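Novice: Below is the file protein.txt, with compact mmCIF, C-alpha atoms.
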# COMPACT_ATOMS: atom_id res chain seq x y z
CA MET A 1 5.18 -12.26 -6.99
CA LEU A 2 6.31 -10.99 -3.60
CA THR A 3 8.04 -13.53 -1.36
CA VAL A 4 8.88 -12.85 2.29
CA GLN A 5 10.83 -15.26 4.50
CA GLY A 6 11.73 -14.74 8.15
CA LEU A 7 11.19 -10.99 8.11
CA GLY A 8 11.98 -9.35 11.41
CA ARG A 9 12.70 -5.99 12.98
CA SER A 10 13.85 -6.35 16.55
CA THR A 11 16.80 -4.10 17.29
CA ALA A 12 17.18 -3.03 20.91
CA ASP A 13 16.34 0.63 20.32
CA LEU A 14 12.83 -0.05 19.00
CA VAL A 15 9.74 0.19 21.15
CA GLU A 16 7.57 -2.89 21.47
CA ASN A 17 4.94 -1.94 18.88
CA GLN A 18 7.63 -1.53 16.22
CA LEU A 19 8.72 -5.17 16.38
CA LEU A 20 8.24 -7.72 13.63
CA THR A 21 8.88 -11.40 14.31
CA ASP A 22 9.56 -14.18 11.79
CA ILE A 23 7.06 -13.10 9.13
CA SER A 24 6.79 -15.30 6.02
CA PHE A 25 4.26 -15.26 3.19
CA VAL A 26 3.90 -15.17 -0.60
CA VAL A 27 1.60 -12.99 -2.68
CA GLU A 28 1.34 -14.33 -6.21
CA ALA A 29 1.14 -12.11 -9.29
CA GLY A 30 -2.40 -10.88 -9.82
CA ARG A 31 -3.39 -11.63 -6.21
CA SER A 32 -4.14 -9.55 -3.16
CA ALA A 33 -3.45 -10.03 0.54
CA ILE A 34 -5.57 -8.36 3.20
CA ILE A 35 -3.99 -7.47 6.54
CA THR A 36 -6.08 -6.57 9.56
CA GLY A 37 -5.28 -6.13 13.23
CA ALA A 38 -5.56 -3.74 16.13
CA SER A 39 -3.92 -0.33 16.08
CA GLY A 40 -0.29 -0.65 17.11
CA ALA A 41 -0.07 -4.32 16.14
CA GLY A 42 2.62 -3.63 13.53
CA LYS A 43 0.73 -3.38 10.23
CA THR A 44 2.30 -0.09 9.13
CA VAL A 45 5.69 -1.22 10.41
CA LEU A 46 5.40 -4.27 8.15
CA LEU A 47 4.56 -2.22 5.07
CA ARG A 48 7.45 0.15 5.72
CA ALA A 49 9.86 -2.76 6.09
CA LEU A 50 8.64 -4.34 2.85
CA ALA A 51 9.15 -1.01 1.07
CA ASP A 52 12.71 -0.79 2.43
CA LEU A 53 11.91 2.39 4.33
CA ASP A 54 12.99 0.86 7.66
CA SER A 55 15.75 -1.63 8.40
CA SER A 56 14.84 -5.30 8.72
CA ILE A 57 16.25 -8.80 8.71
CA GLY A 58 15.13 -11.72 6.59
CA VAL A 59 14.56 -12.23 2.87
CA ILE A 60 12.27 -10.21 0.60
CA GLU A 61 12.08 -11.10 -3.09
CA LEU A 62 10.21 -9.69 -6.06
CA SER A 63 9.77 -12.18 -8.90
CA SER A 64 12.47 -14.37 -7.29
CA LYS A 65 14.98 -11.49 -7.27
CA PRO A 66 16.12 -10.45 -3.76
CA LYS A 67 15.60 -6.91 -2.54
CA ASP A 68 19.33 -6.40 -2.09
CA ALA A 69 19.84 -6.94 -5.83
CA TYR A 70 17.83 -3.79 -6.53
CA GLY A 71 18.94 -0.26 -5.85
CA ALA A 72 16.79 1.34 -3.16
CA PRO A 73 15.03 3.78 -5.56
CA GLU A 74 14.18 0.98 -8.00
CA TRP A 75 12.88 -1.27 -5.24
CA ARG A 76 10.67 1.49 -3.83
CA GLN A 77 9.25 2.14 -7.27
CA GLN A 78 8.54 -1.55 -7.89
CA VAL A 79 7.25 -2.18 -4.35
CA CYS A 80 5.40 1.05 -3.73
CA TYR A 81 4.15 2.04 -0.29
CA VAL A 82 1.18 4.42 -0.02
CA PRO A 83 0.75 5.51 3.62
CA ALA A 84 -2.53 6.46 5.23
CA GLU A 85 -1.42 10.11 5.21
CA PRO A 86 0.94 10.55 2.25
CA GLY A 87 3.75 13.07 2.13
CA TRP A 88 3.73 16.11 -0.15
CA TRP A 89 6.59 18.41 -1.08
CA ALA A 90 5.07 21.08 -3.35
CA TYR A 91 2.36 23.69 -2.78
CA LEU A 92 0.03 22.76 -5.65
CA ALA A 93 -1.26 19.25 -6.24
CA LYS A 94 -0.27 19.30 -9.92
CA ASP A 95 3.39 19.80 -9.09
CA HIS A 96 3.58 16.23 -7.77
CA PHE A 97 2.88 14.72 -11.21
CA VAL A 98 5.25 14.55 -14.16
CA ASP A 99 2.55 13.19 -16.50
CA LEU A 100 -0.36 15.44 -15.63
CA GLY A 101 -2.54 14.18 -18.48
CA SER A 102 -2.38 10.58 -17.27
CA ALA A 103 -2.96 11.72 -13.71
CA GLN A 104 -6.08 13.59 -14.80
CA ASN A 105 -7.39 10.48 -16.56
CA HIS A 106 -6.96 8.46 -13.39
CA ALA A 107 -8.59 11.25 -11.39
CA ARG A 108 -11.74 11.18 -13.50
CA SER A 109 -12.11 7.45 -12.96
CA LEU A 110 -11.73 7.98 -9.21
CA GLY A 111 -14.44 10.62 -8.96
CA LEU A 112 -12.11 13.61 -8.85
CA GLY A 113 -12.52 16.66 -11.04
CA VAL A 114 -9.37 17.78 -12.85
CA ALA A 115 -9.61 21.12 -11.03
CA VAL A 116 -8.23 19.32 -7.97
CA PHE A 117 -4.75 19.51 -9.50
CA GLU A 118 -4.81 23.32 -9.39
CA GLN A 119 -5.52 23.33 -5.66
CA PRO A 120 -3.01 23.76 -2.84
CA VAL A 121 -2.46 20.37 -1.21
CA ASP A 122 -3.24 21.71 2.25
CA GLN A 123 -6.71 22.78 1.07
CA LEU A 124 -7.67 19.32 -0.15
CA SER A 125 -9.71 16.89 1.90
CA THR A 126 -8.13 13.76 3.31
CA GLY A 127 -10.06 11.69 0.78
CA GLU A 128 -8.82 13.79 -2.13
CA ARG A 129 -5.24 13.46 -0.95
CA GLN A 130 -5.64 9.70 -0.56
CA ARG A 131 -6.83 9.32 -4.13
CA LEU A 132 -4.11 11.58 -5.48
CA ALA A 133 -1.51 9.52 -3.63
CA LEU A 134 -2.92 6.36 -5.23
CA ILE A 135 -2.67 8.01 -8.66
CA ARG A 136 0.91 9.03 -7.94
CA ALA A 137 1.75 5.42 -7.09
CA LEU A 138 0.03 3.99 -10.17
CA LEU A 139 1.90 6.33 -12.49
CA GLY A 140 5.15 4.74 -11.31
CA SER A 141 3.99 1.36 -12.72
CA PRO A 142 4.82 -0.68 -9.60
CA LYS A 143 4.63 -4.46 -9.51
CA VAL A 144 3.41 -4.44 -5.90
CA MET A 145 1.45 -1.80 -4.01
CA LEU A 146 1.42 -1.64 -0.23
CA LEU A 147 -1.68 0.32 0.78
CA ASP A 148 -2.38 1.51 4.32
CA GLU A 149 -6.12 2.25 4.77
CA PRO A 150 -6.47 3.82 1.29
CA THR A 151 -10.24 4.40 1.58
CA ALA A 152 -10.57 5.28 5.26
CA ALA A 153 -11.75 8.83 4.49
CA LEU A 154 -13.96 7.97 1.50
CA ASP A 155 -17.71 7.54 1.15
CA PRO A 156 -19.08 4.26 -0.28
CA ASP A 157 -19.27 5.53 -3.87
CA ALA A 158 -15.66 6.78 -3.89
CA THR A 159 -14.54 3.59 -2.15
CA GLN A 160 -16.09 1.52 -4.94
CA LEU A 161 -14.21 3.57 -7.55
CA VAL A 162 -10.91 2.99 -5.74
CA GLU A 163 -11.60 -0.73 -5.47
CA ASN A 164 -12.38 -0.85 -9.20
CA LYS A 165 -9.03 0.81 -9.89
CA LEU A 166 -7.24 -1.71 -7.68
CA ARG A 167 -8.90 -4.61 -9.49
CA GLN A 168 -7.60 -3.19 -12.77
CA PHE A 169 -4.14 -3.07 -11.22
CA LEU A 170 -4.41 -6.73 -10.23
CA ASP A 171 -5.76 -7.71 -13.66
CA LYS A 172 -2.42 -6.59 -15.13
CA GLY A 173 -0.61 -9.28 -13.12
CA ASN A 174 0.47 -7.06 -10.25
CA SER A 175 0.19 -7.80 -6.53
CA LEU A 176 -1.44 -5.92 -3.68
CA LEU A 177 -1.10 -5.82 0.10
CA LEU A 178 -3.99 -3.93 1.62
CA VAL A 179 -4.21 -2.92 5.27
CA THR A 180 -7.81 -2.20 6.19
CA HIS A 181 -10.11 -2.05 9.19
CA ASP A 182 -13.10 -2.52 6.88
CA ARG A 183 -13.99 -6.19 7.08
CA GLU A 184 -16.38 -6.04 4.14
CA GLN A 185 -13.73 -4.41 2.00
CA GLY A 186 -11.39 -7.24 2.90
CA TYR A 187 -13.95 -9.80 1.76
CA ARG A 188 -14.49 -7.92 -1.51
CA MET A 189 -10.82 -7.41 -2.34
CA GLY A 190 -8.91 -10.26 -0.75
CA ASP A 191 -7.50 -13.51 -2.07
CA GLN A 192 -5.68 -14.31 1.15
CA PHE A 193 -6.10 -12.95 4.65
CA PHE A 194 -3.80 -12.20 7.57
CA VAL A 195 -4.11 -10.77 11.06
CA MET A 196 -1.24 -8.86 12.66
CA GLU A 197 -0.87 -9.38 16.40
CA SER A 198 2.04 -7.88 18.37
CA GLY A 199 4.37 -7.94 15.39
CA ARG A 200 3.44 -11.45 14.24
CA LEU A 201 1.47 -12.19 11.09
CA ARG A 202 -1.07 -15.02 11.20
CA SER A 203 -2.90 -16.44 8.20
CA VAL A 204 -6.68 -16.68 8.74
CA VAL A 205 -9.77 -17.98 6.97
CA PRO A 206 -12.46 -15.29 6.67
CA GLY A 207 -15.41 -15.79 8.98
CA LYS A 208 -13.56 -18.19 11.30
Starting from the file, give its structure as structure tokens.

Specialist:
Amino acid sequence: MLTVQGLGRSTADLVENQLLTDISFVVEAGRSAIITGASGAGKTVLLRALADLDSSIGVIELSSKPKDAYGAPEWRQQVCYVPAEPGWWAYLAKDHFVDLGSAQNHARSLGLGVAVFEQPVDQLSTGERQRLALIRALLGSPKVMLLDEPTAALDPDATQLVENKLRQFLDKGNSLLLVTHDREQGYRMGDQFFVMESGRLRSVVPGK
């Protein structure tokens, strides 16, 4: 369970679209929260703050244990952020995975051939990189995943495979925050729904 109370990010040196104001919500174990909103509204800023990649004020807890009680590396493993364009540090895709066999198993279930791991990262499509980044996150066994448009570059068939994988993640009692511009995906995947507007998060009822 991820609990957020009074989360903010409002230091004087930040530009307006980096602000967060008094954000509070709870995502129970095994549940997913969908976040929508216009570009620049603060969705990515929120995910980065939750992952402890940017400074913030307020309280963030995982299973009733505050973020500050974790070391930063442990928190970022347990509350794992997967950006829309993930970072890579090695030339070949396979060099980003300690357990290549498990990564290959995930790849097959996501519509990727195992040959993708032998490819240079910069020669992969955006959709291939997105799925590899999801695999990389899953192999860390996080309790919460923070996903920023994880299927934006995928066709409907590949999107369905990713959504199936995320449902399996939730079935294990984990939690998910999913930023998406795809309204139908939100309906398919969401248990609770929020809209981000100018750094404020508002709970909404789908279709209203």

Novice: Got a sec to check which residues sit within 10 Å of (-10.3, -8.7, -1.6), counting all atoms listed in the file, and write them as a count of residues only?

Specialist: 21

Novice: Measuring atom to atom with all atoms listed in the file, identify which of A:Pro150, A:Pro120, A:Pro206, A:Pro142 is nearest to Leu170 in chain A.

Specialist: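 Between A:Pro150, A:Pro120, A:Pro206, A:Pro142, the residue approaching Leu170 in chain A most closely is A:Pro142.
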
Novice: Could you pull the residues within 12 Å of range 1-3 of chain A, counting all atoms listed in the file, minus those fewer than 3 positions along the same chain, as an MDAnalysis selection string?

Specialist: chainID A and resid 6:7 23:33 50:51 58:67 75 78:79 142:146 170 173:177

Novice: Can I get the selection written as a PDB file, in the coordinates of the input, with C-alpha atoms?

Specialist:
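The new file out-v3.pdb reads:
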ATOM      1  CA  GLY A   6      11.730 -14.740   8.150  1.00  0.00           C
ATOM      2  CA  LEU A   7      11.190 -10.990   8.110  1.00  0.00           C
ATOM      3  CA  ILE A  23       7.060 -13.100   9.130  1.00  0.00           C
ATOM      4  CA  SER A  24       6.790 -15.300   6.020  1.00  0.00           C
ATOM      5  CA  PHE A  25       4.260 -15.260   3.190  1.00  0.00           C
ATOM      6  CA  VAL A  26       3.900 -15.170  -0.600  1.00  0.00           C
ATOM      7  CA  VAL A  27       1.600 -12.990  -2.680  1.00  0.00           C
ATOM      8  CA  GLU A  28       1.340 -14.330  -6.210  1.00  0.00           C
ATOM      9  CA  ALA A  29       1.140 -12.110  -9.290  1.00  0.00           C
ATOM     10  CA  GLY A  30      -2.400 -10.880  -9.820  1.00  0.00           C
ATOM     11  CA  ARG A  31      -3.390 -11.630  -6.210  1.00  0.00           C
ATOM     12  CA  SER A  32      -4.140  -9.550  -3.160  1.00  0.00           C
ATOM     13  CA  ALA A  33      -3.450 -10.030   0.540  1.00  0.00           C
ATOM     14  CA  LEU A  50       8.640  -4.340   2.850  1.00  0.00           C
ATOM     15  CA  ALA A  51       9.150  -1.010   1.070  1.00  0.00           C
ATOM     16  CA  GLY A  58      15.130 -11.720   6.590  1.00  0.00           C
ATOM     17  CA  VAL A  59      14.560 -12.230   2.870  1.00  0.00           C
ATOM     18  CA  ILE A  60      12.270 -10.210   0.600  1.00  0.00           C
ATOM     19  CA  GLU A  61      12.080 -11.100  -3.090  1.00  0.00           C
ATOM     20  CA  LEU A  62      10.210  -9.690  -6.060  1.00  0.00           C
ATOM     21  CA  SER A  63       9.770 -12.180  -8.900  1.00  0.00           C
ATOM     22  CA  SER A  64      12.470 -14.370  -7.290  1.00  0.00           C
ATOM     23  CA  LYS A  65      14.980 -11.490  -7.270  1.00  0.00           C
ATOM     24  CA  PRO A  66      16.120 -10.450  -3.760  1.00  0.00           C
ATOM     25  CA  LYS A  67      15.600  -6.910  -2.540  1.00  0.00           C
ATOM     26  CA  TRP A  75      12.880  -1.270  -5.240  1.00  0.00           C
ATOM     27  CA  GLN A  78       8.540  -1.550  -7.890  1.00  0.00           C
ATOM     28  CA  VAL A  79       7.250  -2.180  -4.350  1.00  0.00           C
ATOM     29  CA  PRO A 142       4.820  -0.680  -9.600  1.00  0.00           C
ATOM     30  CA  LYS A 143       4.630  -4.460  -9.510  1.00  0.00           C
ATOM     31  CA  VAL A 144       3.410  -4.440  -5.900  1.00  0.00           C
ATOM     32  CA  MET A 145       1.450  -1.800  -4.010  1.00  0.00           C
ATOM     33  CA  LEU A 146       1.420  -1.640  -0.230  1.00  0.00           C
ATOM     34  CA  LEU A 170      -4.410  -6.730 -10.230  1.00  0.00           C
ATOM     35  CA  GLY A 173      -0.610  -9.280 -13.120  1.00  0.00           C
ATOM     36  CA  ASN A 174       0.470  -7.060 -10.250  1.00  0.00           C
ATOM     37  CA  SER A 175       0.190  -7.800  -6.530  1.00  0.00           C
ATOM     38  CA  LEU A 176      -1.440  -5.920  -3.680  1.00  0.00           C
ATOM     39  CA  LEU A 177      -1.100  -5.820   0.100  1.00  0.00           C
TER      40      LEU A 177
END

Novice: Just give me the gap between CA of Arg131 in chain A and CA of Arg48 in chain A in Å, one decimal is fine.

Specialist: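 Interatomic distance, CA of Arg131 in chain A to CA of Arg48 in chain A: 19.6 Å.
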
Novice: Quick one, how far is CA of Leu134 in chain A from CA of Ala41 in chain A?

Specialist: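 Separation of CA of Leu134 in chain A and CA of Ala41 in chain A: 24.1 Å.
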
Novice: Every residue with an atom at most 10 Å from (10.5, -16.7, 17.2) (file coordinates; all atoms listed in the file) is what I'm after, so could you write them as a count of residues only?

Specialist: 7

Novice: Of the candidates A:Trp88, A:Val179, A:Arg76, A:Gln5, which shows the shortest atom-to-atom distance to Phe194 in chain A, using all atoms listed in the file?

Specialist: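 Closest residue, counting all atoms listed in the file: A:Val179.
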
Novice: Give me, as an NGL selection string, all polymer residues having an atom no more than 8 Å from Tyr91 in chain A, counting all atoms listed in the file and skipping those fewer than 2 positions away in the same chain.

Specialist: :A and (89 or 93 or 95 or 120-122)

Novice: Interatomic distance between CA of Gly127 in chain A and CA of Pro83 in chain A?

Specialist: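 These two atoms are separated by 12.8 Å.
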
Novice: Closest to His181 in chain A among A:Ala69, A:Leu201, A:Ala152, A:Leu161, using all atoms listed in the file?

Specialist: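 Distance minimum relative to His181 in chain A lands on A:Ala152.
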
Novice: Restricting the calculation to only C-alpha atoms, which member of A:Ser102, A:Thr151, A:Gln119, A:Gln160 is positioned closest to Ile135 in chain A?

Specialist: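 Between A:Ser102, A:Thr151, A:Gln119, A:Gln160, the residue approaching Ile135 in chain A most closely is A:Ser102.
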
Novice: Counting all atoms listed in the file, figure out which residue out of A:Ser55, A:Ser39, A:Ser203, A:Ser109 gets nearest to Thr180 in chain A.

Specialist: A:Ser39

Novice: Choose the residue, out of A:Val195, A:Leu19, A:Ala133, A:Val4, that has the smallest atom-to-atom separation from Glu85 in chain A; count only C-alpha atoms.

Specialist: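 That would be A:Ala133, the residue with the smallest distance to Glu85 in chain A.
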
Novice: Which residues, written as a PyMOL selection string, have at least one atom at most 12 Å from Gly111 in chain A, with all atoms listed in the file counted and residues fewer than 6 positions away on the same chain left out?

Specialist: chain A and resi 104-105+127-128+131-132+154-162+164-165

Novice: Just to be explicit: take each residue in the selection above, keep C-alpha atoms, and write the result as a PDB file, in the frame of the given file.

Specialist:
ATOM      1  CA  GLN A 104      -6.080  13.590 -14.800  1.00  0.00           C
ATOM      2  CA  ASN A 105      -7.390  10.480 -16.560  1.00  0.00           C
ATOM      3  CA  GLY A 127     -10.060  11.690   0.780  1.00  0.00           C
ATOM      4  CA  GLU A 128      -8.820  13.790  -2.130  1.00  0.00           C
ATOM      5  CA  ARG A 131      -6.830   9.320  -4.130  1.00  0.00           C
ATOM      6  CA  LEU A 132      -4.110  11.580  -5.480  1.00  0.00           C
ATOM      7  CA  LEU A 154     -13.960   7.970   1.500  1.00  0.00           C
ATOM      8  CA  ASP A 155     -17.710   7.540   1.150  1.00  0.00           C
ATOM      9  CA  PRO A 156     -19.080   4.260  -0.280  1.00  0.00           C
ATOM     10  CA  ASP A 157     -19.270   5.530  -3.870  1.00  0.00           C
ATOM     11  CA  ALA A 158     -15.660   6.780  -3.890  1.00  0.00           C
ATOM     12  CA  THR A 159     -14.540   3.590  -2.150  1.00  0.00           C
ATOM     13  CA  GLN A 160     -16.090   1.520  -4.940  1.00  0.00           C
ATOM     14  CA  LEU A 161     -14.210   3.570  -7.550  1.00  0.00           C
ATOM     15  CA  VAL A 162     -10.910   2.990  -5.740  1.00  0.00           C
ATOM     16  CA  ASN A 164     -12.380  -0.850  -9.200  1.00  0.00           C
ATOM     17  CA  LYS A 165      -9.030   0.810  -9.890  1.00  0.00           C
TER      18      LYS A 165
END
